[in-house]
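For reference, upload00.txt is printed below; it contains compact mmCIF, C-alpha atoms and all ligand atoms.
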```txt
# COMPACT_ATOMS: atom_id res chain seq x y z
CA MET A 1 34.49 -9.78 5.66
CA LYS A 2 31.51 -7.42 5.95
CA LYS A 3 28.61 -8.49 3.75
CA PRO A 4 27.47 -5.99 1.09
CA ALA A 5 24.37 -3.99 2.01
CA LEU A 6 21.01 -5.46 1.09
CA ASN A 7 19.95 -4.28 -2.35
CA VAL A 8 16.93 -1.96 -2.37
CA ILE A 9 14.62 -0.88 0.40
CA VAL A 10 11.20 0.62 -0.30
CA PRO A 11 9.56 2.02 2.83
CA VAL A 12 5.82 1.72 3.39
CA GLY A 13 4.74 4.62 5.59
CA ILE A 14 1.58 3.95 7.56
CA GLU A 15 1.32 5.70 10.89
CA GLY A 16 2.23 3.26 13.67
CA ARG A 17 2.59 0.37 11.23
CA SER A 18 5.40 1.36 8.87
CA TYR A 19 7.70 -1.29 7.46
CA ASP A 20 10.29 -1.93 4.76
CA ILE A 21 10.11 -3.92 1.56
CA VAL A 22 13.58 -5.37 0.99
CA ILE A 23 14.27 -6.39 -2.62
CA GLY A 24 17.40 -8.23 -3.73
CA SER A 25 19.15 -11.47 -4.63
CA GLY A 26 19.94 -14.27 -2.21
CA LEU A 27 18.00 -12.62 0.61
CA ILE A 28 16.38 -15.73 2.08
CA GLU A 29 19.63 -17.32 3.15
CA ARG A 30 21.23 -14.08 4.38
CA GLY A 31 21.11 -13.70 8.14
CA ASP A 32 20.90 -9.89 7.92
CA SER A 33 17.59 -10.05 6.02
CA TRP A 34 16.03 -11.00 9.34
CA ASP A 35 17.87 -8.57 11.63
CA GLY A 36 15.69 -6.29 13.71
CA LEU A 37 12.49 -8.36 13.51
CA PRO A 38 10.40 -8.68 16.68
CA GLY A 39 12.06 -10.94 19.23
CA ALA A 40 10.30 -14.24 19.99
CA THR A 41 10.99 -17.81 20.95
CA ALA A 42 9.12 -19.27 18.03
CA ALA A 43 9.00 -18.63 14.30
CA VAL A 44 6.45 -20.48 12.18
CA ILE A 45 6.92 -20.70 8.42
CA VAL A 46 3.67 -21.11 6.50
CA THR A 47 4.14 -22.36 2.96
CA ASN A 48 2.64 -24.79 0.47
CA SER A 49 3.64 -28.19 -0.83
CA THR A 50 5.37 -26.74 -3.93
CA VAL A 51 7.37 -23.93 -2.31
CA GLU A 52 8.30 -26.08 0.69
CA LYS A 53 10.51 -28.28 -1.50
CA LEU A 54 12.26 -25.24 -3.01
CA TYR A 55 12.90 -22.74 -0.22
CA ALA A 56 11.58 -23.86 3.18
CA GLN A 57 14.83 -25.46 4.31
CA GLN A 58 16.90 -22.36 3.41
CA LEU A 59 14.51 -20.10 5.29
CA ALA A 60 14.26 -22.41 8.31
CA HIS A 61 18.05 -22.54 8.50
CA ALA A 62 18.41 -18.74 8.33
CA LEU A 63 15.72 -18.24 10.96
CA SER A 64 17.14 -20.85 13.33
CA ILE A 65 19.96 -18.40 14.08
CA ARG A 66 17.43 -15.93 15.56
CA TYR A 67 14.61 -18.11 16.88
CA ALA A 68 14.89 -21.04 19.32
CA LYS A 69 12.00 -22.91 17.71
CA VAL A 70 11.34 -22.86 13.97
CA SER A 71 8.48 -24.98 12.67
CA LEU A 72 6.69 -25.41 9.38
CA VAL A 73 3.04 -25.54 8.25
CA VAL A 74 2.65 -26.94 4.75
CA LEU A 75 -0.67 -26.22 3.05
CA PRO A 76 -2.00 -27.77 -0.15
CA ASP A 77 -1.14 -25.70 -3.23
CA GLY A 78 -3.71 -23.69 -5.16
CA GLU A 79 -6.29 -20.92 -5.13
CA SER A 80 -9.01 -23.47 -4.35
CA HIS A 81 -7.26 -24.05 -0.99
CA LYS A 82 -7.47 -20.38 0.04
CA SER A 83 -10.15 -21.52 2.43
CA TRP A 84 -11.36 -22.01 5.99
CA GLU A 85 -9.81 -25.50 5.98
CA SER A 86 -6.32 -24.16 5.25
CA LEU A 87 -6.73 -21.35 7.74
CA ASN A 88 -7.69 -23.89 10.40
CA THR A 89 -4.64 -25.98 9.55
CA ILE A 90 -2.52 -22.95 10.50
CA PHE A 91 -4.44 -22.40 13.76
CA ASP A 92 -4.24 -26.13 14.61
CA HIS A 93 -0.47 -26.00 14.23
CA LEU A 94 -0.06 -22.79 16.28
CA LEU A 95 -2.19 -24.14 19.12
CA ALA A 96 -0.68 -27.63 19.11
CA ALA A 97 2.82 -26.10 19.24
CA ALA A 98 1.70 -23.82 22.13
CA CYS A 99 2.75 -20.73 20.19
CA ASP A 100 2.44 -17.57 22.28
CA ARG A 101 1.40 -14.12 21.15
CA LYS A 102 4.97 -13.10 20.33
CA THR A 103 5.34 -15.87 17.75
CA VAL A 104 6.34 -14.52 14.35
CA LEU A 105 4.70 -16.04 11.26
CA PHE A 106 6.59 -16.11 7.95
CA ALA A 107 4.51 -16.36 4.76
CA LEU A 108 6.75 -18.19 2.28
CA GLY A 109 5.07 -18.42 -1.12
CA GLY A 110 2.80 -16.60 -3.53
CA GLY A 111 -0.25 -14.48 -2.90
CA VAL A 112 -2.38 -17.39 -1.74
CA VAL A 113 -0.01 -18.29 1.10
CA GLY A 114 0.64 -14.61 1.85
CA ASP A 115 -3.04 -13.65 2.08
CA MET A 116 -3.89 -16.64 4.28
CA THR A 117 -0.88 -16.31 6.58
CA GLY A 118 -1.61 -12.62 7.04
CA PHE A 119 -5.21 -13.39 7.97
CA ALA A 120 -4.08 -16.10 10.38
CA ALA A 121 -1.62 -13.62 11.95
CA ALA A 122 -4.39 -11.03 12.30
CA CYS A 123 -6.63 -13.52 14.13
CA TYR A 124 -4.31 -15.70 16.21
CA MET A 125 -4.46 -14.46 19.81
CA ARG A 126 -5.94 -11.25 18.29
CA GLY A 127 -2.77 -10.54 16.36
CA VAL A 128 0.81 -11.77 16.07
CA PRO A 129 3.54 -10.27 13.87
CA PHE A 130 4.08 -11.67 10.40
CA VAL A 131 6.68 -11.30 7.66
CA GLN A 132 5.94 -11.65 3.96
CA VAL A 133 8.50 -13.68 1.99
CA PRO A 134 6.91 -13.57 -1.47
CA THR A 135 8.18 -16.06 -4.05
CA THR A 136 6.01 -15.21 -7.07
CA LEU A 137 6.28 -12.10 -9.23
CA LEU A 138 2.66 -11.27 -8.45
CA ALA A 139 3.28 -11.46 -4.73
CA GLN A 140 6.50 -9.41 -4.96
CA VAL A 141 4.84 -6.55 -6.87
CA ASP A 142 1.45 -6.57 -5.22
CA SER A 143 -0.03 -9.00 -2.73
CA SER A 144 2.76 -8.98 -0.13
CA VAL A 145 2.50 -5.20 0.22
CA GLY A 146 -0.31 -3.24 1.80
CA GLY A 147 -1.85 -5.56 4.36
CA LYS A 148 -4.89 -6.95 2.56
CA THR A 149 -5.33 -10.47 3.93
CA ALA A 150 -8.15 -12.87 3.16
CA ILE A 151 -9.55 -16.24 2.29
CA ASN A 152 -12.14 -16.96 -0.41
CA HIS A 153 -15.78 -17.89 0.14
CA PRO A 154 -17.64 -20.01 -2.42
CA LEU A 155 -19.84 -16.94 -3.02
CA GLY A 156 -17.02 -14.46 -3.52
CA LYS A 157 -13.29 -13.99 -3.73
CA ASN A 158 -11.34 -12.58 -0.76
CA MET A 159 -14.64 -11.97 1.03
CA ILE A 160 -13.46 -12.96 4.50
CA GLY A 161 -10.40 -11.07 5.67
CA ALA A 162 -8.76 -8.18 7.46
CA PHE A 163 -6.41 -5.29 6.89
CA TYR A 164 -3.27 -6.36 8.73
CA GLN A 165 0.19 -5.10 7.82
CA PRO A 166 3.30 -7.29 7.83
CA VAL A 167 6.32 -6.13 9.84
CA ARG A 168 8.60 -6.62 6.81
CA VAL A 169 8.52 -7.86 3.22
CA VAL A 170 11.59 -9.73 1.99
CA SER A 171 11.50 -10.25 -1.80
CA ASP A 172 14.27 -12.55 -2.91
CA LEU A 173 14.58 -12.16 -6.69
CA ASP A 174 16.32 -15.53 -7.02
CA THR A 175 13.10 -17.34 -6.16
CA LEU A 176 11.58 -16.17 -9.44
CA LYS A 177 14.01 -18.41 -11.37
CA THR A 178 11.92 -21.48 -10.51
CA LEU A 179 8.59 -19.88 -11.35
CA PRO A 180 6.73 -21.35 -14.36
CA GLN A 181 6.39 -18.96 -17.35
CA ARG A 182 2.59 -18.87 -16.98
CA GLU A 183 3.05 -17.49 -13.44
CA ILE A 184 5.55 -14.88 -14.68
CA ALA A 185 2.95 -13.65 -17.17
CA ALA A 186 0.31 -13.58 -14.44
CA GLY A 187 2.60 -11.46 -12.27
CA LEU A 188 3.25 -9.11 -15.17
CA ALA A 189 -0.46 -8.32 -15.27
CA GLU A 190 -0.14 -6.59 -11.89
CA VAL A 191 3.06 -4.81 -13.02
CA ILE A 192 1.31 -3.54 -16.16
CA LYS A 193 -1.60 -2.33 -14.02
CA TYR A 194 0.54 0.32 -12.28
CA GLY A 195 1.27 2.14 -15.56
CA PRO A 196 -2.22 3.16 -16.73
CA ILE A 197 -3.46 3.85 -13.17
CA ALA A 198 -0.53 5.84 -11.80
CA ASP A 199 2.53 6.36 -13.97
CA ASP A 200 2.30 6.73 -17.73
CA GLY A 201 6.11 6.91 -17.99
CA PHE A 202 6.32 3.51 -16.30
CA PHE A 203 3.73 2.20 -18.80
CA SER A 204 5.97 3.25 -21.71
CA TRP A 205 8.98 1.73 -19.93
CA ILE A 206 7.10 -1.60 -19.58
CA GLU A 207 6.21 -1.53 -23.29
CA GLU A 208 9.88 -1.07 -24.09
CA HIS A 209 11.19 -3.71 -21.66
CA LEU A 210 8.47 -6.35 -21.80
CA ASP A 211 10.60 -8.94 -23.58
CA ALA A 212 13.40 -8.48 -21.03
CA LEU A 213 10.87 -8.89 -18.22
CA LEU A 214 9.47 -12.06 -19.79
CA GLY A 215 13.05 -13.33 -20.00
CA LEU A 216 13.60 -12.51 -16.31
CA GLU A 217 16.57 -10.22 -17.05
CA ALA A 218 17.86 -9.22 -13.65
CA GLU A 219 18.13 -5.45 -13.92
CA PRO A 220 14.80 -4.63 -15.62
CA LEU A 221 13.07 -7.16 -13.38
CA ALA A 222 14.45 -5.56 -10.23
CA TYR A 223 13.42 -2.12 -11.49
CA ALA A 224 9.87 -3.29 -12.35
CA ILE A 225 9.45 -4.81 -8.88
CA ARG A 226 10.85 -1.74 -7.17
CA ARG A 227 8.72 0.75 -9.16
CA SER A 228 5.58 -1.36 -8.62
CA CYS A 229 6.27 -1.44 -4.87
CA GLU A 230 6.94 2.31 -4.78
CA ILE A 231 3.60 3.04 -6.45
CA LYS A 232 1.72 0.61 -4.24
CA ALA A 233 3.42 1.96 -1.09
CA LEU A 234 2.48 5.51 -2.05
CA VAL A 235 -1.17 4.60 -2.58
CA VAL A 236 -1.44 2.45 0.55
CA SER A 237 0.23 5.06 2.74
CA GLN A 238 -2.48 7.54 1.72
CA ASP A 239 -5.44 5.19 1.98
CA GLU A 240 -4.66 2.00 3.91
CA ARG A 241 -8.29 0.88 4.26
CA GLU A 242 -9.53 1.71 0.78
CA SER A 243 -11.87 4.53 1.61
CA GLY A 244 -11.05 6.06 -1.78
CA LEU A 245 -7.75 6.18 -3.65
CA ARG A 246 -6.66 2.58 -2.96
CA ALA A 247 -9.50 1.30 -5.14
CA ILE A 248 -7.44 2.26 -8.22
CA LEU A 249 -5.21 -0.75 -7.47
CA ASN A 250 -8.21 -2.83 -8.49
CA PHE A 251 -8.00 -1.84 -12.17
CA GLY A 252 -9.18 -4.89 -14.11
CA HIS A 253 -10.33 -6.66 -10.96
CA THR A 254 -14.11 -6.10 -11.25
CA PHE A 255 -14.28 -8.07 -14.50
CA GLY A 256 -11.33 -10.23 -13.35
CA HIS A 257 -12.89 -11.40 -10.10
CA ALA A 258 -16.10 -12.25 -11.99
CA ILE A 259 -14.06 -14.41 -14.37
CA GLU A 260 -12.27 -16.18 -11.51
CA ALA A 261 -15.43 -16.83 -9.52
CA GLY A 262 -17.51 -17.69 -12.61
CA LEU A 263 -15.06 -20.33 -13.83
CA GLY A 264 -14.26 -21.67 -10.35
CA TYR A 265 -11.16 -20.56 -8.47
CA GLY A 266 -7.94 -21.85 -9.97
CA GLU A 267 -9.20 -22.37 -13.54
CA TRP A 268 -7.66 -19.09 -14.68
CA LEU A 269 -4.79 -17.64 -12.64
CA HIS A 270 -5.60 -14.44 -10.76
CA GLY A 271 -3.17 -12.45 -12.94
CA GLU A 272 -4.71 -13.87 -16.13
CA ALA A 273 -8.16 -12.77 -15.03
CA VAL A 274 -6.80 -9.32 -14.10
CA GLY A 275 -5.03 -9.02 -17.47
CA CYS A 276 -8.23 -9.75 -19.36
CA GLY A 277 -10.18 -7.57 -16.91
CA MET A 278 -7.88 -4.62 -17.70
CA VAL A 279 -8.62 -5.02 -21.41
CA MET A 280 -12.35 -4.96 -20.62
CA ALA A 281 -12.03 -1.98 -18.26
CA ALA A 282 -9.97 -0.11 -20.86
CA ASP A 283 -12.66 -0.82 -23.46
CA LEU A 284 -15.29 0.50 -21.04
CA SER A 285 -13.18 3.61 -20.42
CA GLU A 286 -13.00 4.16 -24.19
CA ARG A 287 -16.75 3.60 -24.69
CA LEU A 288 -17.43 6.21 -22.00
CA GLY A 289 -15.18 8.68 -23.81
CA LEU A 290 -12.60 8.80 -21.01
CA ILE A 291 -9.63 7.64 -23.13
CA ASP A 292 -9.07 7.39 -26.85
CA ALA A 293 -8.89 4.20 -28.90
CA THR A 294 -5.10 4.41 -29.11
CA TYR A 295 -4.62 4.22 -25.34
CA SER A 296 -7.16 1.43 -24.98
CA SER A 297 -5.43 -0.49 -27.77
CA ARG A 298 -2.02 -0.05 -26.08
CA ILE A 299 -3.45 -1.73 -22.97
CA ARG A 300 -4.84 -4.60 -25.05
CA GLN A 301 -1.55 -5.01 -26.89
CA ILE A 302 0.66 -5.11 -23.80
CA VAL A 303 -1.63 -7.68 -22.13
CA LYS A 304 -1.49 -9.80 -25.29
CA ARG A 305 2.30 -9.46 -25.60
CA ALA A 306 2.67 -10.61 -21.99
CA GLY A 307 0.98 -13.85 -23.02
CA LEU A 308 -2.19 -13.15 -21.08
CA PRO A 309 -5.74 -13.77 -22.31
CA THR A 310 -7.54 -10.77 -23.82
CA ILE A 311 -10.88 -12.50 -24.42
CA GLY A 312 -12.92 -13.50 -21.39
CA PRO A 313 -14.88 -16.74 -20.99
CA ARG A 314 -18.50 -16.72 -22.17
CA LEU A 315 -20.18 -16.94 -18.77
CA GLY A 316 -23.27 -15.12 -20.03
CA ILE A 317 -23.92 -11.41 -19.65
CA ASP A 318 -26.34 -11.80 -16.72
CA ARG A 319 -23.88 -14.01 -14.88
CA TYR A 320 -21.15 -11.38 -15.29
CA PHE A 321 -23.53 -8.78 -13.83
CA GLU A 322 -24.48 -11.08 -10.96
CA LEU A 323 -20.84 -11.81 -10.10
CA MET A 324 -19.72 -8.19 -10.47
CA GLY A 325 -22.58 -7.10 -8.20
CA ARG A 326 -20.87 -9.02 -5.39
CA ASP A 327 -17.63 -7.08 -5.83
CA LYS A 328 -16.46 -5.31 -2.67
CA LYS A 329 -16.46 -2.00 -4.52
CA SER A 330 -20.20 -2.29 -5.23
CA GLU A 331 -22.47 -0.09 -3.17
CA SER A 332 -26.21 -0.86 -2.80
CA GLY A 333 -25.99 -3.10 -5.87
CA ASP A 334 -24.35 -0.33 -7.93
CA ILE A 335 -21.32 -1.89 -9.67
CA ARG A 336 -18.32 0.44 -9.67
CA PHE A 337 -15.39 0.11 -12.04
CA VAL A 338 -11.84 1.40 -11.95
CA LEU A 339 -11.57 3.28 -15.24
CA ILE A 340 -8.72 5.15 -16.88
CA ASP A 341 -9.63 8.79 -17.47
CA ALA A 342 -6.20 10.00 -18.59
CA PRO A 343 -2.87 8.27 -19.29
CA GLY A 344 -1.48 7.31 -15.88
CA HIS A 345 -4.64 8.21 -13.98
CA ALA A 346 -7.67 6.21 -12.79
CA ILE A 347 -11.05 6.89 -11.23
CA LEU A 348 -13.74 4.77 -9.58
CA ARG A 349 -17.24 5.14 -10.99
CA SER A 350 -20.32 3.30 -12.18
CA ALA A 351 -21.24 2.88 -15.83
CA PRO A 352 -24.52 2.53 -17.76
CA ASP A 353 -25.58 -1.13 -18.09
CA ALA A 354 -25.77 -0.82 -21.88
CA GLN A 355 -22.08 0.07 -22.15
CA VAL A 356 -21.07 -2.69 -19.74
CA ARG A 357 -23.13 -5.19 -21.76
CA ALA A 358 -21.41 -4.04 -24.94
CA VAL A 359 -18.00 -4.56 -23.32
CA ILE A 360 -18.89 -8.10 -22.22
CA GLU A 361 -20.36 -8.92 -25.64
CA SER A 362 -17.27 -7.68 -27.50
CA ASN A 363 -14.62 -9.12 -25.19
CA THR A 364 -15.85 -12.62 -24.37
CA GLY A 365 -16.16 -15.68 -26.52
P1 LIG B 401 -0.12 -18.53 -5.89
O1 LIG B 401 0.14 -18.11 -4.53
O2 LIG B 401 -1.16 -19.57 -6.13
O3 LIG B 401 1.24 -18.99 -6.58
C1 LIG B 401 1.23 -19.41 -7.91
C2 LIG B 401 1.86 -20.80 -8.08
O4 LIG B 401 3.27 -20.67 -8.05
C3 LIG B 401 1.50 -21.79 -7.00
O5 LIG B 401 1.33 -23.05 -7.57
C4 LIG B 401 2.73 -21.79 -6.10
O6 LIG B 401 2.90 -22.96 -5.38
C5 LIG B 401 3.83 -21.59 -7.11
N1 LIG B 401 5.04 -20.98 -6.64
C6 LIG B 401 5.18 -19.96 -5.75
N2 LIG B 401 6.45 -19.56 -5.70
C7 LIG B 401 7.14 -20.33 -6.55
C8 LIG B 401 8.49 -20.36 -6.96
N3 LIG B 401 9.36 -19.48 -6.53
N4 LIG B 401 8.87 -21.31 -7.85
C9 LIG B 401 7.96 -22.17 -8.37
N5 LIG B 401 6.65 -22.17 -8.05
C10 LIG B 401 6.26 -21.25 -7.15
O7 LIG B 401 -0.57 -17.28 -6.81
P2 LIG B 401 -0.06 -15.77 -6.88
O8 LIG B 401 -0.26 -15.38 -8.30
O9 LIG B 401 1.23 -15.57 -6.26
O10 LIG B 401 -1.13 -15.00 -5.98
C11 LIG B 401 -2.49 -14.96 -6.33
C12 LIG B 401 -3.28 -14.67 -5.08
O11 LIG B 401 -2.90 -13.39 -4.57
C13 LIG B 401 -4.77 -14.61 -5.31
O12 LIG B 401 -5.41 -15.33 -4.29
C14 LIG B 401 -5.10 -13.13 -5.19
O13 LIG B 401 -6.40 -12.91 -4.72
C15 LIG B 401 -4.07 -12.67 -4.21
N6 LIG B 401 -3.76 -11.24 -4.31
C16 LIG B 401 -3.77 -10.53 -3.17
C17 LIG B 401 -3.45 -9.19 -3.20
C18 LIG B 401 -3.39 -8.42 -1.90
O14 LIG B 401 -3.27 -7.19 -1.96
N7 LIG B 401 -3.42 -9.06 -0.77
C19 LIG B 401 -3.12 -8.57 -4.40
C20 LIG B 401 -3.10 -9.34 -5.56
C21 LIG B 401 -3.43 -10.69 -5.51
N1 LIG B 402 -4.31 -5.46 -4.87
C1 LIG B 402 -5.19 -4.41 -4.49
C2 LIG B 402 -4.84 -3.77 -3.20
O1 LIG B 402 -3.90 -4.14 -2.54
O2 LIG B 402 -5.53 -2.87 -2.81
```
Would it be possible to restate this file's structure as structure tokens?
Amino acid sequence: MKKPALNVIVPVGIEGRSYDIVIGSGLIERGDSWDGLPGATAAVIVTNSTVEKLYAQQLAHALSIRYAKVSLVVLPDGESHKSWESLNTIFDHLLAAACDRKTVLFALGGGVVGDMTGFAAACYMRGVPFVQVPTTLLAQVDSSVGGKTAINHPLGKNMIGAFYQPVRVVSDLDTLKTLPQREIAAGLAEVIKYGPIADDGFFSWIEEHLDALLGLEAEPLAYAIRRSCEIKALVVSQDERESGLRAILNFGHTFGHAIEAGLGYGEWLHGEAVGCGMVMAADLSERLGLIDATYSSRIRQIVKRAGLPTIGPRLGIDRYFELMGRDKKSESGDIRFVLIDAPGHAILRSAPDAQVRAVIESNTG
């Protein structure tokens, strides 16, 4: 019997590097999820010690139908392992297994595995193809799409990396069933982000369906992932290398990255820091007269309802400034923030220190 068509496909159109995001249930074990990928002798699955136990065998089995050699690299779990050491573990494996430049890498896991595997793919033999198989909500709505790959440096998050697009993204919704609730909330931060920056109608839809999303109800969840990917694909296809527009995807990230780096990677989840960072950036937008108090309060409320922190850690105002000054959006020491200037619209700009100080004072504790 002919298998039903794969569920939803969102195309990412980048000249010469276009690819599909395939979203649906049971995709990992389906042979047709992997049809049409670059031919090669070897496939290497990169994953971590948690995801390996859940999905690596299924994926290895499905890939063994297409690839003569399927091997596995298992990295330690956690943001603190998004490092040179982990990257070298991948290179050690590829070289020891005599992988050639046609070898296809498969990133099976969340954003940490996806970012590192993508960077390894960009570097190994100056570039081999890679496929994103995201297994967290955050990775399915954000990190697996758009080709930002990186590792962290002790002095800054995602500071060493490359733009390198995957050849396909395969988002199997079933994998989210094993995700801890804290990780679901963290992923929702990136879903929420797309509303205020790009689609006010989607923001209202999220407000209405948040409880269903928290409960992982299949239909709303699939829609939220699809709409998030559509928005991200649209932005990335216009500005792959972040010379302008793409920066809006970093709403909440200037304050968020400072929180993550200031506390030490892994203390707060990335999505938690982004959630709190969006509250702070919304407050800054309000203080600068760009949005009214009602809109800023809606952002605070939705972050809170998602179970994310709305009060940042008390790192000290100067420390926040120091950490935010290292943000990749900063230019000549001038910190630039993604701010909301109308419902469903964002801009990148700097802000007077006094207003930024007031935001930190009011939103940390
Ligand atoms: P993560 O990769 O650390 O995954 C979160 C946790 O969930 C881990 O412990 C992981 O082992 C576990 N896990 C993964 N899938 C699971 C499953 N199906 N069931 C049970 N447990 C599972 O974190 P994340 O939130 O996915 O990603 C955060 C990272 O993504 C950060 O490093 C951030 O910088 C990066 N990021 C990158 C981009 C980009 O555009 N490249 C965008 C956003 C975030
Ligand atoms: N997550 C931000 C970006 O992909 O640009």
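Residue nearest Arg66 in chain A, chosen from A:Phe130, A:Phe91, A:Tyr19, A:Trp34 and counting only C-alpha atoms: A:Trp34.
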Open item on the list: I'd like the interatomic distance between CA of Glu286 in chain A and CA of Lys304 in chain A, to a tenth of an Å.
Closed with: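 About the pair CA of Glu286 in chain A and CA of Lys304 in chain A: they are 18.1 Å apart.
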With all atoms listed in the file counted and 10 Å as the cut-off, give the residues of chain A in contact with ligand LIG 402 (chain B), each with its shortest interatomic distance in Å and the pair that gives it, as JSON lines.
```
{"residue": "A:Leu138", "atom": "CA", "partner": "B:LIG402", "partner_atom": "N1", "distance": 9.8}
{"residue": "A:Ala139", "atom": "CA", "partner": "B:LIG402", "partner_atom": "N1", "distance": 9.7}
{"residue": "A:Val141", "atom": "CA", "partner": "B:LIG402", "partner_atom": "N1", "distance": 9.4}
{"residue": "A:Asp142", "atom": "CA", "partner": "B:LIG402", "partner_atom": "N1", "distance": 5.9}
{"residue": "A:Ser143", "atom": "CA", "partner": "B:LIG402", "partner_atom": "N1", "distance": 6.0}
{"residue": "A:Ser144", "atom": "CA", "partner": "B:LIG402", "partner_atom": "O1", "distance": 8.6}
{"residue": "A:Val145", "atom": "CA", "partner": "B:LIG402", "partner_atom": "O1", "distance": 7.0}
{"residue": "A:Gly146", "atom": "CA", "partner": "B:LIG402", "partner_atom": "O1", "distance": 5.7}
{"residue": "A:Gly147", "atom": "CA", "partner": "B:LIG402", "partner_atom": "O1", "distance": 7.3}
{"residue": "A:Lys148", "atom": "CA", "partner": "B:LIG402", "partner_atom": "O1", "distance": 5.9}
{"residue": "A:Thr149", "atom": "CA", "partner": "B:LIG402", "partner_atom": "O1", "distance": 9.2}
{"residue": "A:Phe163", "atom": "CA", "partner": "B:LIG402", "partner_atom": "O1", "distance": 9.8}
{"residue": "A:Glu190", "atom": "CA", "partner": "B:LIG402", "partner_atom": "N1", "distance": 8.2}
{"residue": "A:Lys232", "atom": "CA", "partner": "B:LIG402", "partner_atom": "O1", "distance": 7.6}
{"residue": "A:Ala233", "atom": "CA", "partner": "B:LIG402", "partner_atom": "O1", "distance": 9.6}
{"residue": "A:Val235", "atom": "CA", "partner": "B:LIG402", "partner_atom": "O2", "distance": 8.7}
{"residue": "A:Val236", "atom": "CA", "partner": "B:LIG402", "partner_atom": "O2", "distance": 7.5}
{"residue": "A:Asp239", "atom": "CA", "partner": "B:LIG402", "partner_atom": "O2", "distance": 9.4}
{"residue": "A:Glu240", "atom": "CA", "partner": "B:LIG402", "partner_atom": "O2", "distance": 8.3}
{"residue": "A:Arg241", "atom": "CA", "partner": "B:LIG402", "partner_atom": "O2", "distance": 8.5}
{"residue": "A:Glu242", "atom": "CA", "partner": "B:LIG402", "partner_atom": "O2", "distance": 7.1}
{"residue": "A:Leu245", "atom": "CA", "partner": "B:LIG402", "partner_atom": "O2", "distance": 9.4}
{"residue": "A:Arg246", "atom": "CA", "partner": "B:LIG402", "partner_atom": "O2", "distance": 5.6}
{"residue": "A:Ala247", "atom": "CA", "partner": "B:LIG402", "partner_atom": "O2", "distance": 6.2}
{"residue": "A:Ile248", "atom": "CA", "partner": "B:LIG402", "partner_atom": "O2", "distance": 7.7}
{"residue": "A:Leu249", "atom": "CA", "partner": "B:LIG402", "partner_atom": "C1", "distance": 4.7}
{"residue": "A:Asn250", "atom": "CA", "partner": "B:LIG402", "partner_atom": "C1", "distance": 5.3}
{"residue": "A:Phe251", "atom": "CA", "partner": "B:LIG402", "partner_atom": "C1", "distance": 8.6}
{"residue": "A:His253", "atom": "CA", "partner": "B:LIG402", "partner_atom": "C1", "distance": 8.6}
```
- [ ] Report the distance between CA of Gly307 in chain A and CA of Gly277 in chain A in Å, rounded to one decimal place.
- [x]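 Interatomic distance here is 14.2 Å.
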Centre and edge lengths, as lines of an AutoDock Vina configuration file, for the axis-aligned box enclosing every listed atom of ligand LIG 401 (chain B) with 6 Å of padding on each of the six sides, in Å to one decimal?
```
center_x = 1.5
center_y = -15.1
center_z = -4.6
size_x = 27.8
size_y = 27.9
size_z = 19.6
```
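Here CA of Leu315 in chain A stands at a distance of 19.4 Å from CA of Ser80 in chain A.
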TODO: Show which residues sit within 12 Å of Ala98 in chain A, as number ranges by chain. Count all atoms listed in the file, and ignore same-chain residues fewer than 3 positions away.
DONE: A: 41-44, 69, 71, 91-95, 101-103, 124-125
- [ ] Please determine the residues with any atom at most 10 Å from (-9.2, 6.7, -13.3) (coordinates as given in the file, with all atoms listed in the file counting) and report them as a PyMOL selection string.
- [x] chain A and resi 196-198+245+247-248+251+285+290-291+337-349
Using all atoms listed in the file, find each residue of chain A with at least one atom at most 6 Å away from an atom of ligand LIG 401 (chain B); report its shortest atom-to-atom pair and that distance in Å (one decimal), sort the rows by chain and rising residue number, and return the result as a tab-separated table.
```
residue	atom	partner	partner_atom	distance
A:Thr50	CA	B:LIG401	O6	4.7
A:Val51	CA	B:LIG401	O6	5.5
A:Asp77	CA	B:LIG401	O6	5.3
A:Gly78	CA	B:LIG401	O2	4.9
A:Glu79	CA	B:LIG401	O2	5.4
A:Gly109	CA	B:LIG401	C6	4.9
A:Gly110	CA	B:LIG401	O1	3.2
A:Gly111	CA	B:LIG401	O10	3.2
A:Val112	CA	B:LIG401	O1	3.8
A:Val113	CA	B:LIG401	O1	5.6
A:Asp115	CA	B:LIG401	N7	5.4
A:Thr135	CA	B:LIG401	N2	4.2
A:Thr136	CA	B:LIG401	N2	4.6
A:Leu138	CA	B:LIG401	O9	5.0
A:Ala139	CA	B:LIG401	O9	4.8
A:Asp142	CA	B:LIG401	C19	5.1
A:Ser143	CA	B:LIG401	C17	3.5
A:Lys148	CA	B:LIG401	N7	4.2
A:Thr149	CA	B:LIG401	N7	5.3
A:Thr175	CA	B:LIG401	N3	4.3
A:Leu176	CA	B:LIG401	N3	4.9
A:Thr178	CA	B:LIG401	N4	4.1
A:Leu179	CA	B:LIG401	N4	3.8
A:His270	CA	B:LIG401	C11	5.4
```
- [ ] For each of A:Leu173, A:Arg319, A:Val279, A:Ile231, take the minimum atom-to-atom distance to Glu219 in chain A, counting all atoms listed in the file, then give the residue where this is smallest.
- [x]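 Of all the options, A:Leu173 lies closest to Glu219 in chain A.
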TODO: Mind checking which residues fall within 8 Å of Ala122 in chain A, counting all atoms listed in the file, ignoring those fewer than 6 positions away in the same chain, and posting them as a list in words?
DONE: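 Contacts, with the query itself left out: Val128, Ala162 and Tyr164 of chain A.
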Task: Neighbour list for Asp327 in chain A as a PyMOL selection string, cut-off 8 Å, all atoms listed in the file, skip fewer than 2 positions in-chain - done: chain A and resi 156+254+257+323-325+329-330+335
